[in-house]
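data_8.pdb (PDB, C-alpha atoms)
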ATOM      1  CA  MET H 266       6.371  12.257 -15.705
ATOM      2  CA  LYS H 267       7.369  14.950 -13.254
ATOM      3  CA  ILE H 268       6.871  16.007  -9.666
ATOM      4  CA  SER H 269       5.654  19.496  -8.792
ATOM      5  CA  ASP H 270       7.841  21.717  -6.593
ATOM      6  CA  GLU H 271       4.985  22.004  -4.114
ATOM      7  CA  ILE H 272       4.635  18.262  -3.663
ATOM      8  CA  LEU H 273       8.407  17.836  -3.507
ATOM      9  CA  LYS H 274       8.479  20.264  -0.558
ATOM     10  CA  GLU H 275       5.504  18.598   1.074
ATOM     11  CA  LEU H 276       6.955  15.047   1.093
ATOM     12  CA  LYS H 277       7.086  13.551   4.581
ATOM     13  CA  PHE H 278       9.793  10.933   4.853
ATOM     14  CA  ASP H 279       9.871   8.808   8.009
ATOM     15  CA  ASP H 280      12.831   8.827  10.401
ATOM     16  CA  LYS H 281      14.714   6.485   8.018
ATOM     17  CA  GLY H 282      14.099   8.824   5.060
ATOM     18  CA  LEU H 283      11.474   6.573   3.455
ATOM     19  CA  LEU H 284       8.010   6.800   1.925
ATOM     20  CA  THR H 285       5.690   3.804   1.518
ATOM     21  CA  ALA H 286       5.187   2.807  -2.128
ATOM     22  CA  VAL H 287       2.391   0.630  -3.510
ATOM     23  CA  ALA H 288       2.375  -0.800  -7.033
ATOM     24  CA  GLN H 289      -0.939  -1.783  -8.551
ATOM     25  CA  ASP H 290      -1.762  -3.125 -12.005
ATOM     26  CA  PHE H 291      -2.595  -0.234 -14.343
ATOM     27  CA  GLU H 292      -5.547  -2.107 -15.845
ATOM     28  CA  THR H 293      -7.124  -4.176 -13.046
ATOM     29  CA  ASN H 294      -5.925  -2.201  -9.967
ATOM     30  CA  GLU H 295      -4.703  -5.476  -8.431
ATOM     31  CA  ILE H 296      -2.099  -4.643  -5.774
ATOM     32  CA  LEU H 297       1.180  -6.244  -6.804
ATOM     33  CA  MET H 298       3.581  -5.208  -4.034
ATOM     34  CA  VAL H 299       4.224  -2.808  -1.172
ATOM     35  CA  ALA H 300       7.724  -1.485  -0.538
ATOM     36  CA  PHE H 301       9.618   1.703   0.321
ATOM     37  CA  MET H 302      11.295   4.554  -1.544
ATOM     38  CA  ASN H 303      13.898   7.068  -0.431
ATOM     39  CA  LEU H 304      14.059  10.419  -2.245
ATOM     40  CA  GLU H 305      16.562   9.078  -4.771
ATOM     41  CA  ALA H 306      14.378   6.078  -5.660
ATOM     42  CA  LEU H 307      11.335   8.333  -6.003
ATOM     43  CA  LEU H 308      13.088  10.777  -8.328
ATOM     44  CA  LYS H 309      14.642   7.943 -10.367
ATOM     45  CA  THR H 310      11.192   6.353 -10.754
ATOM     46  CA  ILE H 311       9.693   9.634 -11.960
ATOM     47  CA  GLU H 312      12.612  10.318 -14.320
ATOM     48  CA  THR H 313      12.786   6.848 -15.896
ATOM     49  CA  GLU H 314       9.132   5.769 -15.457
ATOM     50  CA  LYS H 315      10.456   2.453 -14.146
ATOM     51  CA  ALA H 316       9.788   1.588 -10.506
ATOM     52  CA  HIS H 317      12.784   1.963  -8.184
ATOM     53  CA  TYR H 318      12.588   1.100  -4.493
ATOM     54  CA  TYR H 319      14.771   1.252  -1.410
ATOM     55  CA  SER H 320      15.541  -2.070   0.227
ATOM     56  CA  ARG H 321      15.610  -1.815   4.007
ATOM     57  CA  SER H 322      17.299  -5.199   4.396
ATOM     58  CA  ARG H 323      20.008  -4.521   1.801
ATOM     59  CA  ALA H 324      20.142  -0.764   2.647
ATOM     60  CA  LYS H 325      20.278   0.259  -0.995
ATOM     61  CA  GLN H 326      18.166   1.604  -3.805
ATOM     62  CA  TRP H 327      17.201  -0.896  -6.511
ATOM     63  CA  LEU H 328      15.531  -0.994  -9.885
ATOM     64  CA  LYS H 329      12.637  -3.476  -9.640
ATOM     65  CA  GLY H 330      13.492  -6.225 -12.126
ATOM     66  CA  GLU H 331      17.229  -5.514 -12.255
ATOM     67  CA  SER H 332      18.049  -9.196 -11.831
ATOM     68  CA  SER H 333      14.849 -10.852 -13.118
ATOM     69  CA  GLY H 334      14.141  -8.470 -16.001
ATOM     70  CA  HIS H 335      10.629  -8.128 -14.571
ATOM     71  CA  ILE H 336      10.573  -4.344 -14.492
ATOM     72  CA  GLN H 337       7.523  -2.220 -13.750
ATOM     73  CA  ILE H 338       6.652   0.506 -16.247
ATOM     74  CA  VAL H 339       4.966   3.334 -14.373
ATOM     75  CA  HIS H 340       1.902   4.787 -16.083
ATOM     76  CA  GLU H 341       0.581   7.031 -13.293
ATOM     77  CA  MET H 342       1.777   8.069  -9.838
ATOM     78  CA  TYR H 343      -0.237   9.471  -6.947
ATOM     79  CA  ILE H 344       0.650  10.961  -3.563
ATOM     80  CA  ASP H 345      -1.549  10.755  -0.477
ATOM     81  CA  CYS H 346      -3.044  13.516   1.674
ATOM     82  CA  ASP H 347      -0.187  13.631   4.175
ATOM     83  CA  ALA H 348       2.497  13.047   1.513
ATOM     84  CA  ASP H 349       4.106   9.997   3.102
ATOM     85  CA  ALA H 350       2.941   7.333   0.622
ATOM     86  CA  VAL H 351       2.787   6.932  -3.155
ATOM     87  CA  VAL H 352       0.691   4.681  -5.362
ATOM     88  CA  MET H 353       1.876   3.704  -8.832
ATOM     89  CA  LYS H 354      -0.201   2.236 -11.628
ATOM     90  CA  VAL H 355       2.269  -0.079 -13.328
ATOM     91  CA  GLU H 356       2.598  -2.445 -16.229
ATOM     92  CA  GLN H 357       4.334  -5.517 -14.808
ATOM     93  CA  VAL H 358       6.707  -6.910 -17.425
ATOM     94  CA  ALA H 359       6.507 -10.734 -17.608
ATOM     95  CA  GLY H 360       3.405 -10.643 -15.409
ATOM     96  CA  GLY H 361       4.884 -11.513 -12.021
ATOM     97  CA  ALA H 362       5.867  -8.962  -9.369
ATOM     98  CA  CYS H 363       6.765 -11.387  -6.584
ATOM     99  CA  HIS H 364      10.172 -13.073  -6.284
ATOM    100  CA  THR H 365       8.300 -16.283  -5.395
ATOM    101  CA  GLY H 366       6.817 -16.440  -8.914
ATOM    102  CA  TYR H 367       3.354 -15.208  -8.019
ATOM    103  CA  ARG H 368       1.743 -12.340  -9.888
ATOM    104  CA  SER H 369       1.280 -10.401  -6.637
ATOM    105  CA  CYS H 370       3.178 -10.570  -3.346
ATOM    106  CA  PHE H 371      -0.263 -10.775  -1.686
ATOM    107  CA  TYR H 372      -0.933 -14.345  -2.803
ATOM    108  CA  ARG H 373      -2.161 -15.558   0.631
ATOM    109  CA  THR H 374      -5.104 -14.680   2.840
ATOM    110  CA  VAL H 375      -4.346 -14.162   6.532
ATOM    111  CA  ASP H 376      -5.892 -17.542   7.307
ATOM    112  CA  GLY H 377      -3.176 -19.123   5.166
ATOM    113  CA  ASN H 378      -4.949 -19.996   1.918
ATOM    114  CA  ILE H 379      -2.962 -19.539  -1.265
ATOM    115  CA  VAL H 380      -5.214 -17.618  -3.619
ATOM    116  CA  GLY H 381      -2.679 -16.037  -5.983
ATOM    117  CA  GLU H 382      -1.675 -17.060  -9.459
ATOM    118  CA  LYS H 383       1.834 -18.436 -10.054
ATOM    119  CA  VAL H 384       3.114 -16.979 -13.326
ATOM    120  CA  PHE H 385       6.793 -17.951 -13.438
ATOM    121  CA  ASN H 386       9.252 -20.387 -11.940
ATOM    122  CA  PRO H 387      11.679 -18.428  -9.749
ATOM    123  CA  GLU H 388      14.393 -21.047 -10.240
ATOM    124  CA  GLU H 389      14.448 -20.271 -13.941
ATOM    125  CA  VAL H 390      14.563 -16.508 -13.405
ATOM    126  CA  TYR H 391      17.036 -15.884 -10.543
TER     127      TYR H 391
ATOM    128  CA  MET U 130     -12.200 -13.915   9.737
ATOM    129  CA  LYS U 131      -9.169 -15.484  11.401
ATOM    130  CA  ILE U 132      -5.410 -15.587  11.164
ATOM    131  CA  SER U 133      -3.572 -18.889  10.963
ATOM    132  CA  ASP U 134      -0.997 -19.727  13.641
ATOM    133  CA  GLU U 135       1.645 -20.081  10.939
ATOM    134  CA  ILE U 136       1.103 -16.600   9.563
ATOM    135  CA  LEU U 137       0.894 -15.142  13.062
ATOM    136  CA  LYS U 138       4.358 -16.560  13.764
ATOM    137  CA  GLU U 139       5.690 -15.376  10.426
ATOM    138  CA  LEU U 140       4.644 -11.691  10.853
ATOM    139  CA  LYS U 141       7.582  -9.313  10.527
ATOM    140  CA  PHE U 142       6.964  -6.095  12.402
ATOM    141  CA  ASP U 143       9.397  -3.216  11.869
ATOM    142  CA  ASP U 144      11.504  -1.767  14.677
ATOM    143  CA  LYS U 145       8.469   0.218  15.876
ATOM    144  CA  GLY U 146       6.303  -2.922  15.944
ATOM    145  CA  LEU U 147       4.334  -2.005  12.818
ATOM    146  CA  LEU U 148       3.153  -3.573   9.567
ATOM    147  CA  THR U 149       2.120  -1.549   6.508
ATOM    148  CA  ALA U 150      -1.633  -1.779   5.790
ATOM    149  CA  VAL U 151      -3.345  -0.919   2.512
ATOM    150  CA  ALA U 152      -7.134  -0.579   2.138
ATOM    151  CA  GLN U 153      -8.632  -0.985  -1.297
ATOM    152  CA  ASP U 154     -12.257  -0.910  -2.412
ATOM    153  CA  PHE U 155     -13.656  -4.466  -2.388
ATOM    154  CA  GLU U 156     -15.410  -3.967  -5.731
ATOM    155  CA  THR U 157     -13.180  -1.694  -7.857
ATOM    156  CA  ASN U 158      -9.770  -2.344  -6.203
ATOM    157  CA  GLU U 159      -9.257   1.432  -5.938
ATOM    158  CA  ILE U 160      -6.657   2.109  -3.233
ATOM    159  CA  LEU U 161      -8.295   4.178  -0.503
ATOM    160  CA  MET U 162      -5.504   4.634   2.040
ATOM    161  CA  VAL U 163      -2.153   3.397   3.303
ATOM    162  CA  ALA U 164      -1.426   3.311   7.023
ATOM    163  CA  PHE U 165       0.124   1.109   9.729
ATOM    164  CA  MET U 166      -0.996  -1.587  12.157
ATOM    165  CA  ASN U 167       0.563  -2.892  15.326
ATOM    166  CA  LEU U 168      -0.280  -6.440  16.439
ATOM    167  CA  GLU U 169      -3.229  -5.221  18.506
ATOM    168  CA  ALA U 170      -4.751  -3.285  15.574
ATOM    169  CA  LEU U 171      -4.268  -6.290  13.291
ATOM    170  CA  LEU U 172      -5.970  -8.713  15.697
ATOM    171  CA  LYS U 173      -8.784  -6.255  16.423
ATOM    172  CA  THR U 174      -9.349  -5.836  12.664
ATOM    173  CA  ILE U 175      -9.525  -9.587  12.150
ATOM    174  CA  GLU U 176     -11.800 -10.108  15.165
ATOM    175  CA  THR U 177     -14.262  -7.278  14.376
ATOM    176  CA  GLU U 178     -13.915  -7.158  10.555
ATOM    177  CA  LYS U 179     -13.624  -3.368  10.898
ATOM    178  CA  ALA U 180     -10.304  -1.743   9.980
ATOM    179  CA  HIS U 181      -8.173  -0.634  12.936
ATOM    180  CA  TYR U 182      -4.849   1.124  12.465
ATOM    181  CA  TYR U 183      -1.994   2.433  14.581
ATOM    182  CA  SER U 184      -1.376   6.170  14.350
ATOM    183  CA  ARG U 185       2.324   6.990  14.431
ATOM    184  CA  SER U 186       1.659  10.692  15.108
ATOM    185  CA  ARG U 187      -0.810  10.083  17.950
ATOM    186  CA  ALA U 188       1.014   6.924  19.109
ATOM    187  CA  LYS U 189      -2.212   4.974  19.565
ATOM    188  CA  GLN U 190      -4.429   2.380  17.958
ATOM    189  CA  TRP U 191      -7.629   3.678  16.368
ATOM    190  CA  LEU U 192     -10.772   2.368  14.757
ATOM    191  CA  LYS U 193     -11.019   3.935  11.307
ATOM    192  CA  GLY U 194     -14.200   6.016  11.386
ATOM    193  CA  GLU U 195     -14.399   6.312  15.189
ATOM    194  CA  SER U 196     -15.041  10.072  14.949
ATOM    195  CA  SER U 197     -16.510  10.380  11.426
ATOM    196  CA  GLY U 198     -18.565   7.191  11.435
ATOM    197  CA  HIS U 199     -16.874   6.317   8.147
ATOM    198  CA  ILE U 200     -15.775   2.837   9.131
ATOM    199  CA  GLN U 201     -14.282   0.257   6.784
ATOM    200  CA  ILE U 202     -15.898  -3.183   6.729
ATOM    201  CA  VAL U 203     -13.215  -5.726   5.872
ATOM    202  CA  HIS U 204     -14.275  -8.383   3.344
ATOM    203  CA  GLU U 205     -10.900 -10.017   2.678
ATOM    204  CA  MET U 206      -7.388  -9.690   4.054
ATOM    205  CA  TYR U 207      -4.087 -10.721   2.490
ATOM    206  CA  ILE U 208      -0.494 -10.926   3.730
ATOM    207  CA  ASP U 209       2.560 -10.453   1.512
ATOM    208  CA  CYS U 210       5.458 -12.814   0.809
ATOM    209  CA  ASP U 211       7.689 -11.455   3.559
ATOM    210  CA  ALA U 212       4.805 -10.950   6.012
ATOM    211  CA  ASP U 213       5.417  -7.256   6.692
ATOM    212  CA  ALA U 214       2.391  -5.785   4.856
ATOM    213  CA  VAL U 215      -1.339  -6.519   4.641
ATOM    214  CA  VAL U 216      -3.921  -5.626   2.026
ATOM    215  CA  MET U 217      -7.600  -5.361   2.936
ATOM    216  CA  LYS U 218     -10.553  -5.342   0.560
ATOM    217  CA  VAL U 219     -12.972  -3.020   2.314
ATOM    218  CA  GLU U 220     -16.406  -1.545   2.011
ATOM    219  CA  GLN U 221     -15.970   2.140   2.810
ATOM    220  CA  VAL U 222     -19.030   3.351   4.732
ATOM    221  CA  ALA U 223     -20.240   6.776   3.476
ATOM    222  CA  GLY U 224     -17.898   6.455   0.510
ATOM    223  CA  GLY U 225     -14.966   8.597   1.618
ATOM    224  CA  ALA U 226     -11.798   7.243   3.260
ATOM    225  CA  CYS U 227      -9.834  10.497   3.417
ATOM    226  CA  HIS U 228     -10.235  13.060   6.222
ATOM    227  CA  THR U 229     -10.127  15.771   3.506
ATOM    228  CA  GLY U 230     -13.448  14.526   2.083
ATOM    229  CA  TYR U 231     -12.017  12.701  -0.913
ATOM    230  CA  ARG U 232     -12.934   9.122  -1.641
ATOM    231  CA  SER U 233      -9.262   8.086  -1.594
ATOM    232  CA  CYS U 234      -6.276   9.684   0.156
ATOM    233  CA  PHE U 235      -4.512   9.388  -3.222
ATOM    234  CA  TYR U 236      -6.497  12.195  -4.861
ATOM    235  CA  ARG U 237      -3.453  13.934  -6.407
ATOM    236  CA  THR U 238      -0.900  12.943  -9.017
ATOM    237  CA  VAL U 239       2.741  13.704  -8.192
ATOM    238  CA  ASP U 240       2.665  16.616 -10.621
ATOM    239  CA  GLY U 241       0.017  18.225  -8.414
ATOM    240  CA  ASN U 242      -3.218  17.638 -10.330
ATOM    241  CA  ILE U 243      -6.281  16.868  -8.268
ATOM    242  CA  VAL U 244      -7.886  13.841  -9.880
ATOM    243  CA  GLY U 245      -9.892  12.399  -6.981
ATOM    244  CA  GLU U 246     -13.556  12.661  -6.247
ATOM    245  CA  LYS U 247     -14.727  14.698  -3.249
ATOM    246  CA  VAL U 248     -17.581  12.810  -1.591
ATOM    247  CA  PHE U 249     -18.203  14.670   1.683
ATOM    248  CA  ASN U 250     -17.565  18.000   3.353
ATOM    249  CA  PRO U 251     -15.092  17.436   6.222
ATOM    250  CA  GLU U 252     -16.440  20.469   8.111
ATOM    251  CA  GLU U 253     -19.790  18.744   8.422
ATOM    252  CA  VAL U 254     -18.276  15.447   9.560
ATOM    253  CA  TYR U 255     -15.530  16.311  12.093
TER     254      TYR U 255
END

Rewritten as structure tokens:
Amino acid sequence: MKISDEILKELKFDDKGLLTAVAQDFETNEILMVAFMNLEALLKTIETEKAHYYSRSRAKQWLKGESSGHIQIVHEMYIDCDADAVVMKVEQVAGGACHTGYRSCFYRTVDGNIVGEKVFNPEEVY
Amino acid sequence: MKISDEILKELKFDDKGLLTAVAQDFETNEILMVAFMNLEALLKTIETEKAHYYSRSRAKQWLKGESSGHIQIVHEMYIDCDADAVVMKVEQVAGGACHTGYRSCFYRTVDGNIVGEKVFNPEEVY
């Protein structure tokens, strides 16, 4: 995978140097997580085809799955019209993207119902 | 649609008072756009079941489709594990979410190929 020079120049990082990044399942399009990337995380993702993000709370770049082993293999990557967000179609290793054990971080509706599928026990993984 | 008191209390806005908001097609799960919501936009979206966002560049809340008529009818709404992002399953009126005329704002891969479908002529709409 590579990024074109034109899109590289066009990227619009926010005032913290971040883009929004969305990971969706490469087969079903289910949205697994939403996070952020700095330039380094973006380039590392493109180079390795494994999703890297930037943690705002820990103020560092991280490889998704570095502690759990639940990496995300990136099949396709898209940029939006104003070049401040990316979408990745990913293959979620071990099935669960969320640190809580759910397949997706979006396992609740806004009225509080749990609708997601729990696919691993976080106590056994972390 | 409503938001539970528990989730309302749990919401984690960033230092500008914003959540990330992702709109995906309610039938195919295609991601149509990524934007932001302040509390007012979130509550207005839940109350009206039409997507409202907060524009960082114009520094104001807006109803998606207010000038084009291309509103988004919200069928379902999810919150993520750390309560700083929402996902909406929407019905995109007139088919195109992007102001450029494409169905999705993510009409390009990072290597610069245009892969999206153009569904309207923006000059006729705006």

Using all atoms listed in the file, what does the table of chain H residues within 7 Å of chain U look like, with each row giving the shortest atom pair and its distance in Å to one decimal, sorted by chain and ascending number, as a Markdown table?
| residue | atom | partner | partner_atom | distance |
| --- | --- | --- | --- | --- |
| H:Lys267 | CA | U:Asp240 | CA | 5.6 |
| H:Ile268 | CA | U:Asp240 | CA | 4.4 |
| H:Ser269 | CA | U:Asp240 | CA | 4.5 |
| H:Ile272 | CA | U:Gly241 | CA | 6.6 |
| H:Asn294 | CA | U:Asn158 | CA | 5.4 |
| H:Glu295 | CA | U:Asn158 | CA | 6.4 |
| H:Val299 | CA | U:Ala214 | CA | 7.0 |
| H:Met342 | CA | U:Thr238 | CA | 5.6 |
| H:Tyr343 | CA | U:Thr238 | CA | 4.1 |
| H:Ile344 | CA | U:Phe235 | CA | 5.4 |
| H:Asp345 | CA | U:Phe235 | CA | 4.3 |
| H:Cys346 | CA | U:Cys234 | CA | 5.2 |
| H:Ala350 | CA | U:Val163 | CA | 7.0 |
| H:Cys370 | CA | U:Asp209 | CA | 4.9 |
| H:Phe371 | CA | U:Asp209 | CA | 4.3 |
| H:Tyr372 | CA | U:Asp209 | CA | 6.8 |
| H:Arg373 | CA | U:Tyr207 | CA | 5.5 |
| H:Thr374 | CA | U:Tyr207 | CA | 4.1 |
| H:Val375 | CA | U:Ile132 | CA | 5.0 |
| H:Asp376 | CA | U:Ile132 | CA | 4.4 |
| H:Gly377 | CA | U:Ser133 | CA | 5.8 |

Inset, instruction - Can you pull out every residue within 9 Å of Gly198 in chain U, counting all atoms listed in the file, but drop anything in the same chain fewer than 5 positions away, and send it as a list in words? - result: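 Returned residues: Lys193, Val222, Ala223 and Val254 of chain U.
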
Inset, instruction - Between CA of Gly361 in chain H and CA of His317 in chain H, measure the distance and give it in Å to one decimal. - result: 16.1 Å

Inset, instruction - Tell me, in Å to one decimal, how far CA of Val355 in chain H is from CA of Val203 in chain U. - result: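 Taking CA of Val355 in chain H as the start and CA of Val203 in chain U as the end point, the length is 25.3 Å.
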
Inset, instruction - Give me, please, the distance in Å between CA of Ala316 in chain H and CA of Gln337 in chain H, quoted to one decimal. - result: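 These two atoms are separated by 5.5 Å.
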
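Counting all atoms listed in the file, Gly366 in chain H has the following residues at most 9 Å away, ignoring those fewer than 4 positions along the same chain: Gly361, Ala362, Cys370, Glu382, Lys383, Val384, Phe385, Asn386, Pro387, Glu388 and Val390 of chain H.
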
Inset, instruction - Considering all atoms listed in the file, return as a ChimeraX atom specification whatever protein or nucleic-acid residues lie within 12 Å of Asp144 in chain U, sequence-local ones (same chain, fewer than 3 positions apart) excluded. - result: /H:280-281,321 /U:141,147-148,167,213

Those residues with C-alpha atoms, as a JSON list (two decimals), in the coordinates of the input please?
[["chain", "number", "residue", "atom", "x", "y", "z"],
["H", 280, "ASP", "CA", 12.83, 8.83, 10.40],
["H", 281, "LYS", "CA", 14.71, 6.48, 8.02],
["H", 321, "ARG", "CA", 15.61, -1.82, 4.01],
["U", 141, "LYS", "CA", 7.58, -9.31, 10.53],
["U", 147, "LEU", "CA", 4.33, -2.00, 12.82],
["U", 148, "LEU", "CA", 3.15, -3.57, 9.57],
["U", 167, "ASN", "CA", 0.56, -2.89, 15.33],
["U", 213, "ASP", "CA", 5.42, -7.26, 6.69]]

Inset, instruction - Find the residue from H:Glu292, H:Asp279, H:Ala306, H:Phe301 that sits nearest to Ser322 in chain H; use all atoms listed in the file when measuring. - result: H:Phe301

For range 350-369 of chain H, I'd like the enclosing box, axis-aligned and padded by 3 Å on every side, reported as AutoDock Vina command-line options with centre and edge lengths in Å to one decimal.
--center_x 5.0 --center_y -4.6 --center_z -8.5 --size_x 16.4 --size_y 29.8 --size_z 24.2

Inset, instruction - Considering only C-alpha atoms, state which residue in the set U:Lys179, U:Gln190, U:Glu169, U:Lys218 is at the smallest distance from His204 in chain U. - result: U:Lys218

Inset, instruction - Have a look at H:Arg368, H:Phe278, H:Met302, H:Gln357 and name the one nearest to Tyr318 in chain H; count all atoms listed in the file. - result: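 The answer is H:Met302, which sits nearest to Tyr318 in chain H.
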